[in-house]
file my_file.pdb (PDB, C-alpha atoms)
ATOM      1  CA  MET A1184     -10.948 -92.928 -35.137  1.00  0.00           C
ATOM      2  CA  ALA A1185     -10.517 -96.303 -33.497  1.00  0.00           C
ATOM      3  CA  LYS A1186      -7.666 -97.370 -31.317  1.00  0.00           C
ATOM      4  CA  LEU A1187      -4.701 -98.777 -33.216  1.00  0.00           C
ATOM      5  CA  LYS A1188      -3.462-102.314 -32.686  1.00  0.00           C
ATOM      6  CA  THR A1189      -0.175-101.048 -31.309  1.00  0.00           C
ATOM      7  CA  GLY A1190      -1.936 -99.756 -28.206  1.00  0.00           C
ATOM      8  CA  ARG A1191      -1.309 -96.086 -28.821  1.00  0.00           C
ATOM      9  CA  HIS A1192      -4.320 -93.907 -28.319  1.00  0.00           C
ATOM     10  CA  THR A1193      -5.580 -91.705 -31.103  1.00  0.00           C
ATOM     11  CA  SER A1194      -5.435 -88.621 -28.936  1.00  0.00           C
ATOM     12  CA  ALA A1195      -1.703 -89.129 -28.445  1.00  0.00           C
ATOM     13  CA  ILE A1196      -1.247 -89.554 -32.187  1.00  0.00           C
ATOM     14  CA  LYS A1197      -3.215 -86.379 -32.861  1.00  0.00           C
ATOM     15  CA  ALA A1198      -1.209 -84.478 -30.228  1.00  0.00           C
ATOM     16  CA  TRP A1199       2.019 -85.645 -31.852  1.00  0.00           C
ATOM     17  CA  ARG A1200       0.776 -84.568 -35.309  1.00  0.00           C
ATOM     18  CA  LYS A1201      -0.264 -81.197 -33.934  1.00  0.00           C
ATOM     19  CA  SER A1202       3.050 -80.620 -32.160  1.00  0.00           C
ATOM     20  CA  GLU A1203       4.936 -81.417 -35.372  1.00  0.00           C
ATOM     21  CA  LYS A1204       2.899 -78.846 -37.313  1.00  0.00           C
ATOM     22  CA  LEU A1205       3.366 -76.170 -34.653  1.00  0.00           C
ATOM     23  CA  ALA A1206       7.091 -76.878 -34.372  1.00  0.00           C
ATOM     24  CA  SER A1207       7.438 -76.581 -38.124  1.00  0.00           C
ATOM     25  CA  ARG A1208       5.602 -73.252 -38.151  1.00  0.00           C
ATOM     26  CA  ASN A1209       7.684 -71.922 -35.251  1.00  0.00           C
ATOM     27  CA  ARG A1210      10.887 -73.028 -36.983  1.00  0.00           C
ATOM     28  CA  GLY A1211       9.891 -71.028 -40.062  1.00  0.00           C
ATOM     29  CA  VAL A1212       9.180 -67.925 -38.000  1.00  0.00           C
ATOM     30  CA  ARG A1213      12.508 -68.207 -36.178  1.00  0.00           C
ATOM     31  CA  THR A1214      14.304 -68.665 -39.493  1.00  0.00           C
ATOM     32  CA  ARG A1215      12.717 -65.516 -40.928  1.00  0.00           C
ATOM     33  CA  ILE A1216      13.733 -63.556 -37.816  1.00  0.00           C
ATOM     34  CA  HIS A1217      17.276 -64.919 -37.986  1.00  0.00           C
ATOM     35  CA  ASP A1218      17.627 -64.115 -41.700  1.00  0.00           C
ATOM     36  CA  ALA A1219      16.280 -60.577 -41.281  1.00  0.00           C
ATOM     37  CA  ALA A1220      18.584 -59.902 -38.330  1.00  0.00           C
ATOM     38  CA  LYS A1221      21.528 -61.262 -40.293  1.00  0.00           C
ATOM     39  CA  GLU A1222      20.669 -59.011 -43.239  1.00  0.00           C
ATOM     40  CA  PHE A1223      20.446 -56.080 -40.802  1.00  0.00           C
ATOM     41  CA  ASP A1224      23.889 -56.937 -39.387  1.00  0.00           C
ATOM     42  CA  GLY A1225      25.287 -57.111 -42.903  1.00  0.00           C
ATOM     43  CA  LEU A1226      23.992 -53.640 -43.663  1.00  0.00           C
ATOM     44  CA  ILE A1227      25.479 -52.297 -40.443  1.00  0.00           C
ATOM     45  CA  THR A1228      28.897 -53.809 -41.190  1.00  0.00           C
ATOM     46  CA  LYS A1229      28.781 -52.306 -44.709  1.00  0.00           C
ATOM     47  CA  LYS A1230      27.999 -48.934 -43.078  1.00  0.00           C
ATOM     48  CA  ASP A1231      24.745 -48.736 -45.046  1.00  0.00           C
ATOM     49  CA  VAL A1232      22.857 -47.064 -42.212  1.00  0.00           C
ATOM     50  CA  GLU A1233      19.965 -45.733 -44.312  1.00  0.00           C
ATOM     51  CA  SER A1234      19.011 -49.191 -45.575  1.00  0.00           C
ATOM     52  CA  ALA A1235      19.435 -50.590 -42.070  1.00  0.00           C
ATOM     53  CA  GLN A1236      17.066 -47.944 -40.706  1.00  0.00           C
ATOM     54  CA  LYS A1237      14.488 -48.940 -43.314  1.00  0.00           C
ATOM     55  CA  LEU A1238      14.884 -52.627 -42.432  1.00  0.00           C
ATOM     56  CA  LEU A1239      14.695 -52.111 -38.655  1.00  0.00           C
ATOM     57  CA  PRO A1240      10.869 -51.688 -38.444  1.00  0.00           C
ATOM     58  CA  LYS A1241      10.411 -54.865 -40.481  1.00  0.00           C
ATOM     59  CA  VAL A1242      12.634 -56.839 -38.120  1.00  0.00           C
ATOM     60  CA  HIS A1243      10.786 -55.340 -35.146  1.00  0.00           C
ATOM     61  CA  ALA A1244       7.463 -56.377 -36.684  1.00  0.00           C
ATOM     62  CA  LEU A1245       8.708 -59.952 -37.150  1.00  0.00           C
ATOM     63  CA  LEU A1246       9.823 -60.074 -33.526  1.00  0.00           C
ATOM     64  CA  ASP A1247       6.547 -58.616 -32.257  1.00  0.00           C
ATOM     65  CA  LYS A1248       4.475 -61.098 -34.249  1.00  0.00           C
ATOM     66  CA  ALA A1249       6.574 -64.014 -33.025  1.00  0.00           C
ATOM     67  CA  ALA A1250       6.166 -62.854 -29.432  1.00  0.00           C
ATOM     68  CA  LYS A1251       2.437 -62.347 -29.889  1.00  0.00           C
ATOM     69  CA  SER A1252       1.943 -65.887 -31.165  1.00  0.00           C
ATOM     70  CA  GLY A1253       4.164 -67.375 -28.456  1.00  0.00           C
ATOM     71  CA  THR A1254       6.922 -68.543 -30.773  1.00  0.00           C
ATOM     72  CA  ILE A1255       9.455 -66.623 -28.717  1.00  0.00           C
ATOM     73  CA  HIS A1256       9.117 -65.086 -25.278  1.00  0.00           C
ATOM     74  CA  TRP A1257       8.068 -61.437 -25.251  1.00  0.00           C
ATOM     75  CA  LYS A1258      11.086 -60.472 -23.152  1.00  0.00           C
ATOM     76  CA  ALA A1259      13.404 -62.200 -25.625  1.00  0.00           C
ATOM     77  CA  ALA A1260      11.780 -60.202 -28.438  1.00  0.00           C
ATOM     78  CA  ALA A1261      12.197 -56.973 -26.459  1.00  0.00           C
ATOM     79  CA  ARG A1262      15.851 -57.788 -25.774  1.00  0.00           C
ATOM     80  CA  LYS A1263      16.559 -58.487 -29.448  1.00  0.00           C
ATOM     81  CA  LYS A1264      14.774 -55.285 -30.519  1.00  0.00           C
ATOM     82  CA  SER A1265      16.775 -53.289 -28.004  1.00  0.00           C
ATOM     83  CA  ARG A1266      20.070 -54.742 -29.192  1.00  0.00           C
ATOM     84  CA  LEU A1267      19.236 -54.036 -32.833  1.00  0.00           C
ATOM     85  CA  ALA A1268      18.355 -50.437 -31.969  1.00  0.00           C
ATOM     86  CA  LEU A1269      21.617 -50.103 -30.052  1.00  0.00           C
ATOM     87  CA  ARG A1270      23.596 -51.401 -33.030  1.00  0.00           C
ATOM     88  CA  ILE A1271      22.064 -48.823 -35.347  1.00  0.00           C
ATOM     89  CA  LYS A1272      22.530 -46.063 -32.768  1.00  0.00           C
ATOM     90  CA  THR A1273      26.239 -46.816 -32.411  1.00  0.00           C
ATOM     91  CA  ALA A1274      26.607 -46.979 -36.197  1.00  0.00           C
ATOM     92  CA  VAL A1275      24.978 -43.556 -36.615  1.00  0.00           C
ATOM     93  CA  GLN A1276      26.644 -41.836 -33.657  1.00  0.00           C
ATOM     94  CA  PRO A1277      30.270 -41.833 -34.868  1.00  0.00           C
ATOM     95  CA  ALA A1278      29.154 -40.446 -38.214  1.00  0.00           C
ATOM     96  CA  ASN A1279      27.389 -37.554 -36.455  1.00  0.00           C
ATOM     97  CA  SER A1280      30.300 -36.758 -34.127  1.00  0.00           C
ATOM     98  CA  LYS A1281      32.787 -36.237 -36.985  1.00  0.00           C
TER      99      LYS A1281
END
call {"tool": "encode", "arguments": {"input": "my_file.pdb", "output": "structure tokens"}}
result
Amino acid sequence: MAKLKTGRHTSAIKAWRKSEKLASRNRGVRTRIHDAAKEFDGLITKKDVESAQKLLPKVHALLDKAAKSGTIHWKAAARKKSRLALRIKTAVQPANSK
């Protein structure tokens, strides 16, 4: 590819194109995580603990994959996983104590 008349170098144009693609992919991953976590929260608020327990490994897998690819930081993924597990634990615990 030759240099454009505007003076911008092709490598900068390619880097911009690449960053747009990666940002778009990361946005999709974050959206899937957000939607799954929101669905999990909805199940917890409806007191549907069994469905929430089935959904929890799927949300964990999404978080692990996002951390593995660098979309989110691995400590952020661990923190989110921990908080989800705590939510389900507190939802189950009062039912067991009665």
call {"tool": "atom_distance", "arguments": {"input": "my_file.pdb", "atom1": "atom CA of Lys1201 of chain A", "atom2": "atom CA of Asp1218 of chain A"}}
result
25.9 Å
call {"tool": "residues_around", "arguments": {"input": "my_file.pdb", "residues": "Lys1264 of chain A", "least_positions_apart": "6", "cutoff": "12 Å", "atoms": "all atoms listed in the file", "output": "PyMOL selection string"}}
result
chain A and resi 1216+1220+1223+1239-1247+1250+1257-1258+1270-1271
call {"tool": "resolve_selection", "arguments": {"input": "my_file.pdb", "expression": "the PyMOL selection byres ((chain A and resi 1254) around 9)", "output": "VMD selection string"}}
result
chain A and resid 1208 to 1210 1212 to 1213 1248 to 1253 1255 to 1256
call {"tool": "residues_around", "arguments": {"input": "my_file.pdb", "residues": "Val1275 of chain A", "least_positions_apart": "6", "cutoff": "10 Å", "atoms": "all atoms listed in the file", "output": "PDB file with C-alpha atoms, in the coordinates of the input"}}
result
ATOM      1  CA  ILE A1227      25.479 -52.297 -40.443  1.00  0.00           C
ATOM      2  CA  LYS A1230      27.999 -48.934 -43.078  1.00  0.00           C
ATOM      3  CA  ASP A1231      24.745 -48.736 -45.046  1.00  0.00           C
ATOM      4  CA  VAL A1232      22.857 -47.064 -42.212  1.00  0.00           C
ATOM      5  CA  GLU A1233      19.965 -45.733 -44.312  1.00  0.00           C
ATOM      6  CA  GLN A1236      17.066 -47.944 -40.706  1.00  0.00           C
ATOM      7  CA  LEU A1269      21.617 -50.103 -30.052  1.00  0.00           C
TER       8      LEU A1269
END
call {"tool": "atom_distance", "arguments": {"input": "my_file.pdb", "atom1": "atom CA of Leu1226 of chain A", "atom2": "atom CA of Arg1266 of chain A"}}
result
15.0 Å
call {"tool": "atom_distance", "arguments": {"input": "my_file.pdb", "atom1": "atom CA of Lys1237 of chain A", "atom2": "atom CA of Lys1272 of chain A"}}
result
13.6 Å
call {"tool": "decode", "arguments": {"input": "my_file.pdb", "residues": "segment 1210-1236 of chain A", "atoms": "N, CA and C atoms", "output": "CSV table (one decimal), in the first residue's frame"}}
result
chain,number,residue,atom,x,y,z
A,1210,ARG,N,-16.3,-5.2,23.0
A,1210,ARG,CA,-17.6,-4.7,23.4
A,1210,ARG,C,-18.6,-5.8,23.4
A,1211,GLY,N,-18.5,-6.7,22.4
A,1211,GLY,CA,-19.5,-7.8,22.3
A,1211,GLY,C,-19.3,-8.8,23.5
A,1212,VAL,N,-18.1,-9.0,23.8
A,1212,VAL,CA,-17.8,-9.9,25.0
A,1212,VAL,C,-18.3,-9.3,26.3
A,1213,ARG,N,-18.0,-8.0,26.5
A,1213,ARG,CA,-18.5,-7.4,27.7
A,1213,ARG,C,-20.0,-7.3,27.7
A,1214,THR,N,-20.7,-7.2,26.6
A,1214,THR,CA,-22.1,-7.2,26.5
A,1214,THR,C,-22.7,-8.5,26.9
A,1215,ARG,N,-22.1,-9.6,26.4
A,1215,ARG,CA,-22.5,-10.9,26.8
A,1215,ARG,C,-22.4,-11.2,28.3
A,1216,ILE,N,-21.3,-10.7,28.8
A,1216,ILE,CA,-21.0,-10.9,30.3
A,1216,ILE,C,-22.1,-10.1,31.1
A,1217,HIS,N,-22.3,-8.9,30.7
A,1217,HIS,CA,-23.3,-8.0,31.3
A,1217,HIS,C,-24.7,-8.6,31.3
A,1218,ASP,N,-25.1,-9.1,30.1
A,1218,ASP,CA,-26.4,-9.7,30.0
A,1218,ASP,C,-26.6,-11.0,30.8
A,1219,ALA,N,-25.6,-11.8,30.8
A,1219,ALA,CA,-25.6,-13.0,31.6
A,1219,ALA,C,-25.7,-12.7,33.1
A,1220,ALA,N,-24.9,-11.8,33.5
A,1220,ALA,CA,-24.9,-11.4,34.9
A,1220,ALA,C,-26.3,-10.8,35.3
A,1221,LYS,N,-26.9,-10.0,34.4
A,1221,LYS,CA,-28.2,-9.4,34.7
A,1221,LYS,C,-29.2,-10.5,34.8
A,1222,GLU,N,-29.2,-11.5,33.9
A,1222,GLU,CA,-30.1,-12.6,33.9
A,1222,GLU,C,-30.0,-13.4,35.2
A,1223,PHE,N,-28.7,-13.5,35.7
A,1223,PHE,CA,-28.4,-14.2,36.9
A,1223,PHE,C,-29.1,-13.4,38.1
A,1224,ASP,N,-28.9,-12.1,38.1
A,1224,ASP,CA,-29.5,-11.3,39.1
A,1224,ASP,C,-31.0,-11.3,39.1
A,1225,GLY,N,-31.6,-11.4,37.9
A,1225,GLY,CA,-33.0,-11.5,37.9
A,1225,GLY,C,-33.5,-12.8,38.5
A,1226,LEU,N,-32.8,-13.9,38.2
A,1226,LEU,CA,-33.1,-15.2,38.8
A,1226,LEU,C,-33.0,-15.2,40.3
A,1227,ILE,N,-32.0,-14.5,40.8
A,1227,ILE,CA,-31.8,-14.4,42.3
A,1227,ILE,C,-32.9,-13.6,42.9
A,1228,THR,N,-33.3,-12.5,42.3
A,1228,THR,CA,-34.4,-11.7,42.9
A,1228,THR,C,-35.7,-12.4,42.8
A,1229,LYS,N,-35.9,-13.3,41.8
A,1229,LYS,CA,-37.1,-14.1,41.7
A,1229,LYS,C,-37.1,-15.3,42.7
A,1230,LYS,N,-36.0,-15.4,43.4
A,1230,LYS,CA,-35.8,-16.6,44.3
A,1230,LYS,C,-35.7,-17.9,43.5
A,1231,ASP,N,-35.4,-17.9,42.3
A,1231,ASP,CA,-35.2,-19.1,41.5
A,1231,ASP,C,-33.8,-19.6,41.6
A,1232,VAL,N,-33.4,-20.1,42.7
A,1232,VAL,CA,-32.0,-20.5,43.0
A,1232,VAL,C,-31.5,-21.6,42.2
A,1233,GLU,N,-32.4,-22.6,41.9
A,1233,GLU,CA,-31.9,-23.7,41.0
A,1233,GLU,C,-31.5,-23.3,39.6
A,1234,SER,N,-32.3,-22.4,39.0
A,1234,SER,CA,-31.9,-21.9,37.7
A,1234,SER,C,-30.6,-21.1,37.8
A,1235,ALA,N,-30.5,-20.3,38.8
A,1235,ALA,CA,-29.3,-19.5,39.0
A,1235,ALA,C,-28.1,-20.3,39.2
A,1236,GLN,N,-28.2,-21.4,39.9
A,1236,GLN,CA,-27.1,-22.3,40.1
A,1236,GLN,C,-26.7,-23.0,38.8
